[in-house]
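J.: This is the structure, below, for whatever I ask next.
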Amino acid sequence: MVNFLLQRTAPLPLDEAWRRLTAWPRHGDVVPLTRVRVVTPAPTDVGTVFVARSGLWPLAFEDPMEVTVWRPPTDGEAGLCRLEKRGRVIAGWAEIEVRPGPGGRSRVLWREELDVRFLPGFLDVLVAPVARAMFGRAANRLLRTP
(Lines give C-alpha, C1' and ligand atoms only; values in the text may rest on other atoms or scores of the structure.)
Protein backbone atom coordinates (compact mmCIF):
# COMPACT_ATOMS: atom_id res chain seq x y z
CA MET A 1 0.00 0.00 0.00
CA VAL A 2 1.27 3.47 -0.92
CA ASN A 3 0.45 6.55 1.17
CA PHE A 4 1.42 10.09 0.31
CA LEU A 5 0.55 13.69 1.09
CA LEU A 6 0.81 16.62 -1.30
CA GLN A 7 0.64 20.22 -0.11
CA ARG A 8 0.18 23.22 -2.35
CA THR A 9 -0.52 26.92 -1.84
CA ALA A 10 -2.48 28.54 -4.65
CA PRO A 11 -3.18 32.24 -5.28
CA LEU A 12 -6.90 31.47 -5.41
CA PRO A 13 -9.87 31.97 -3.10
CA LEU A 14 -11.09 28.80 -1.39
CA ASP A 15 -14.15 28.30 -3.57
CA GLU A 16 -12.16 28.62 -6.80
CA ALA A 17 -9.43 26.21 -5.69
CA TRP A 18 -12.17 23.78 -4.65
CA ARG A 19 -13.99 24.14 -7.96
CA ARG A 20 -10.84 23.47 -9.95
CA LEU A 21 -9.84 20.42 -7.91
CA THR A 22 -13.28 18.79 -7.84
CA ALA A 23 -14.32 19.24 -11.48
CA TRP A 24 -13.81 15.53 -12.10
CA PRO A 25 -13.64 15.48 -15.93
CA ARG A 26 -10.80 18.03 -15.75
CA HIS A 27 -8.64 15.37 -14.07
CA GLY A 28 -8.63 13.55 -17.40
CA ASP A 29 -7.23 16.69 -19.02
CA VAL A 30 -4.19 16.73 -16.72
CA VAL A 31 -3.40 13.03 -16.19
CA PRO A 32 -1.76 11.44 -19.23
CA LEU A 33 -3.70 8.75 -21.08
CA THR A 34 -6.73 9.22 -18.84
CA ARG A 35 -10.37 10.10 -19.44
CA VAL A 36 -12.86 10.73 -16.64
CA ARG A 37 -16.60 10.34 -16.89
CA VAL A 38 -19.09 11.12 -14.17
CA VAL A 39 -21.65 8.31 -13.87
CA THR A 40 -24.19 9.98 -11.58
CA PRO A 41 -26.15 13.18 -12.23
CA ALA A 42 -24.76 16.59 -11.21
CA PRO A 43 -24.13 18.25 -8.87
CA THR A 44 -21.38 16.42 -7.01
CA ASP A 45 -22.35 15.26 -3.52
CA VAL A 46 -21.98 12.19 -1.31
CA GLY A 47 -22.71 9.22 -3.56
CA THR A 48 -21.37 10.77 -6.76
CA VAL A 49 -19.55 8.13 -8.80
CA PHE A 50 -17.02 8.77 -11.53
CA VAL A 51 -14.67 6.53 -13.45
CA ALA A 52 -11.15 7.28 -14.62
CA ARG A 53 -10.09 5.13 -17.55
CA SER A 54 -6.31 5.09 -17.91
CA GLY A 55 -3.92 3.51 -20.38
CA LEU A 56 -4.09 2.36 -23.96
CA TRP A 57 -6.14 -0.55 -25.16
CA PRO A 58 -5.50 -3.42 -24.37
CA LEU A 59 -3.58 -2.19 -21.32
CA ALA A 60 -6.25 0.22 -20.11
CA PHE A 61 -8.10 -0.13 -16.82
CA GLU A 62 -10.98 1.62 -15.08
CA ASP A 63 -10.65 3.25 -11.69
CA PRO A 64 -14.18 3.82 -10.28
CA MET A 65 -14.43 6.26 -7.38
CA GLU A 66 -17.26 7.33 -5.11
CA VAL A 67 -17.51 10.55 -3.14
CA THR A 68 -18.04 9.57 0.52
CA VAL A 69 -17.45 12.98 2.12
CA TRP A 70 -18.48 16.23 0.46
CA ARG A 71 -18.05 19.42 2.47
CA PRO A 72 -17.32 22.38 0.17
CA PRO A 73 -15.65 25.39 1.80
CA THR A 74 -18.09 27.95 3.18
CA ASP A 75 -17.65 31.29 4.92
CA GLY A 76 -13.86 31.00 4.87
CA GLU A 77 -13.92 27.52 6.44
CA ALA A 78 -12.01 24.58 4.98
CA GLY A 79 -13.58 22.15 2.54
CA LEU A 80 -13.03 18.38 2.43
CA CYS A 81 -13.80 15.73 -0.18
CA ARG A 82 -13.06 12.03 0.33
CA LEU A 83 -13.10 9.53 -2.51
CA GLU A 84 -13.16 5.76 -2.15
CA LYS A 85 -11.38 3.97 -4.98
CA ARG A 86 -13.17 0.74 -5.80
CA GLY A 87 -11.44 -0.60 -8.88
CA ARG A 88 -10.21 -4.06 -9.75
CA VAL A 89 -6.72 -2.66 -10.32
CA ILE A 90 -6.56 0.26 -7.89
CA ALA A 91 -8.21 0.44 -4.48
CA GLY A 92 -7.78 2.88 -1.62
CA TRP A 93 -8.92 6.41 -1.00
CA ALA A 94 -8.08 10.06 -1.64
CA GLU A 95 -8.86 13.21 0.32
CA ILE A 96 -8.73 16.71 -1.07
CA GLU A 97 -8.79 19.44 1.55
CA VAL A 98 -8.82 23.15 0.78
CA ARG A 99 -7.99 25.45 3.70
CA PRO A 100 -7.52 29.19 4.06
CA GLY A 101 -3.90 30.13 3.40
CA PRO A 102 -1.79 33.22 3.89
CA GLY A 103 -2.79 36.43 2.15
CA GLY A 104 -6.17 35.19 0.92
CA ARG A 105 -4.62 32.22 -0.83
CA SER A 106 -5.71 28.60 -0.55
CA ARG A 107 -3.76 25.80 1.08
CA VAL A 108 -4.41 22.39 -0.52
CA LEU A 109 -3.76 19.06 1.14
CA TRP A 110 -4.14 16.00 -1.07
CA ARG A 111 -3.83 12.70 0.82
CA GLU A 112 -3.94 9.40 -0.94
CA GLU A 113 -3.69 5.72 -0.14
CA LEU A 114 -3.24 3.46 -3.16
CA ASP A 115 -3.35 -0.28 -3.28
CA VAL A 116 -2.30 -1.47 -6.71
CA ARG A 117 -3.74 -4.95 -6.77
CA PHE A 118 -1.73 -7.75 -8.38
CA LEU A 119 1.47 -5.82 -7.61
CA PRO A 120 3.69 -7.30 -4.90
CA GLY A 121 4.09 -5.06 -1.85
CA PHE A 122 7.86 -4.79 -2.22
CA LEU A 123 7.27 -2.72 -5.39
CA ASP A 124 5.48 0.00 -3.38
CA VAL A 125 8.84 1.76 -3.07
CA LEU A 126 8.74 2.25 -6.84
CA VAL A 127 5.04 3.09 -7.07
CA ALA A 128 5.16 5.76 -4.35
CA PRO A 129 7.44 8.32 -6.08
CA VAL A 130 5.69 7.80 -9.42
CA ALA A 131 2.24 8.31 -7.87
CA ARG A 132 3.42 11.34 -5.88
CA ALA A 133 4.90 12.93 -9.01
CA MET A 134 1.87 12.15 -11.19
CA PHE A 135 -0.72 13.44 -8.70
CA GLY A 136 1.48 16.41 -7.79
CA ARG A 137 1.69 17.42 -11.43
CA ALA A 138 -2.07 16.95 -11.80
CA ALA A 139 -2.79 19.11 -8.74
CA ASN A 140 -0.48 21.84 -10.04
CA ARG A 141 -2.13 21.85 -13.46
CA LEU A 142 -5.66 21.81 -12.02
CA LEU A 143 -4.87 24.77 -9.79
CA ARG A 144 -3.23 26.77 -12.60
CA THR A 145 -5.92 26.24 -15.23
CA PRO A 146 -9.31 27.99 -14.89
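Residues in the C-alpha coordinates are numbered from 1 in each chain, the chains being A, B, ... in the order shown, and ligands are numbered from 1 in the order shown.
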Which of stretch 6-107 of chain A counts as helix (DSSP H, G or I) under DSSP, as a count of residues only please?
T.: 18
J.: Any chance you could tabulate, as a tab-separated table, the residues of stretch 53-118 of chain A at most 6 Å from stretch 22-35 of chain A with each one's nearest atom pair and distance in Å to one decimal, using only C-alpha atoms, in chain and rising number order?
T.:
residue	atom	partner	partner_atom	distance
A:Arg53	CA	A:Arg35	CA	5.3
A:Ser54	CA	A:Thr34	CA	4.3
A:Gly55	CA	A:Leu33	CA	5.3
J.: Each residue of stretch 85-135 of chain A with at least one atom at most 9 Å from stretch 14-19 of chain A should appear once, together with its nearest atom pair and the corresponding distance in Å (one decimal); atoms considered: only C-alpha atoms; ordering: chain, then increasing residue number; output as CSV.
T.:
residue,atom,partner,partner_atom,distance
A:Ile96,CA,A:Trp18,CA,8.6
A:Glu97,CA,A:Trp18,CA,8.3
A:Val98,CA,A:Trp18,CA,6.4
A:Arg99,CA,A:Leu14,CA,6.8
A:Pro100,CA,A:Leu14,CA,6.5
A:Gly101,CA,A:Leu14,CA,8.7
A:Gly104,CA,A:Leu14,CA,8.4
A:Arg105,CA,A:Leu14,CA,7.3
A:Ser106,CA,A:Leu14,CA,5.4
A:Arg107,CA,A:Leu14,CA,8.3
A:Val108,CA,A:Ala17,CA,8.2
J.: Identify, with DSSP run on backbone atoms, the residues in chain A assigned to strand (DSSP E), and express the list as a PyMOL selection string.
T.: chain A and resi 2-10+34-38+49-54+61-71+79-86+90-100+106-116
J.: Can you tell me, as a PyMOL selection string, what residues are no more than 10 Å from A:Gly136 when counting only C-alpha atoms, ignoring any on the same chain fewer than 3 positions away?
T.: chain A and resi 5-8+110+130-133+139-142
J.: A:Gly47: which residues within 7 Å, counting only C-alpha atoms, same-chain residues fewer than 5 positions away excluded, as a list of chain:residue names?
T.: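 So, after excluding close chain neighbours, the residues are A:Glu66, A:Val67, A:Thr68.
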J.: I need the residue nearest A:Arg111 from this list: A:Thr9, A:Val127, A:Phe50, A:Leu83. Use only C-alpha atoms for the distance.
T.: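 Between A:Thr9, A:Val127, A:Phe50, A:Leu83, the residue approaching A:Arg111 most closely is A:Leu83.
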J.: Could you check how far atom CA of A:Phe4 sits from atom CA of A:Pro146, in Å to one decimal?
T.: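 We find that atom CA of A:Phe4 and atom CA of A:Pro146 lie 25.8 Å from each other.
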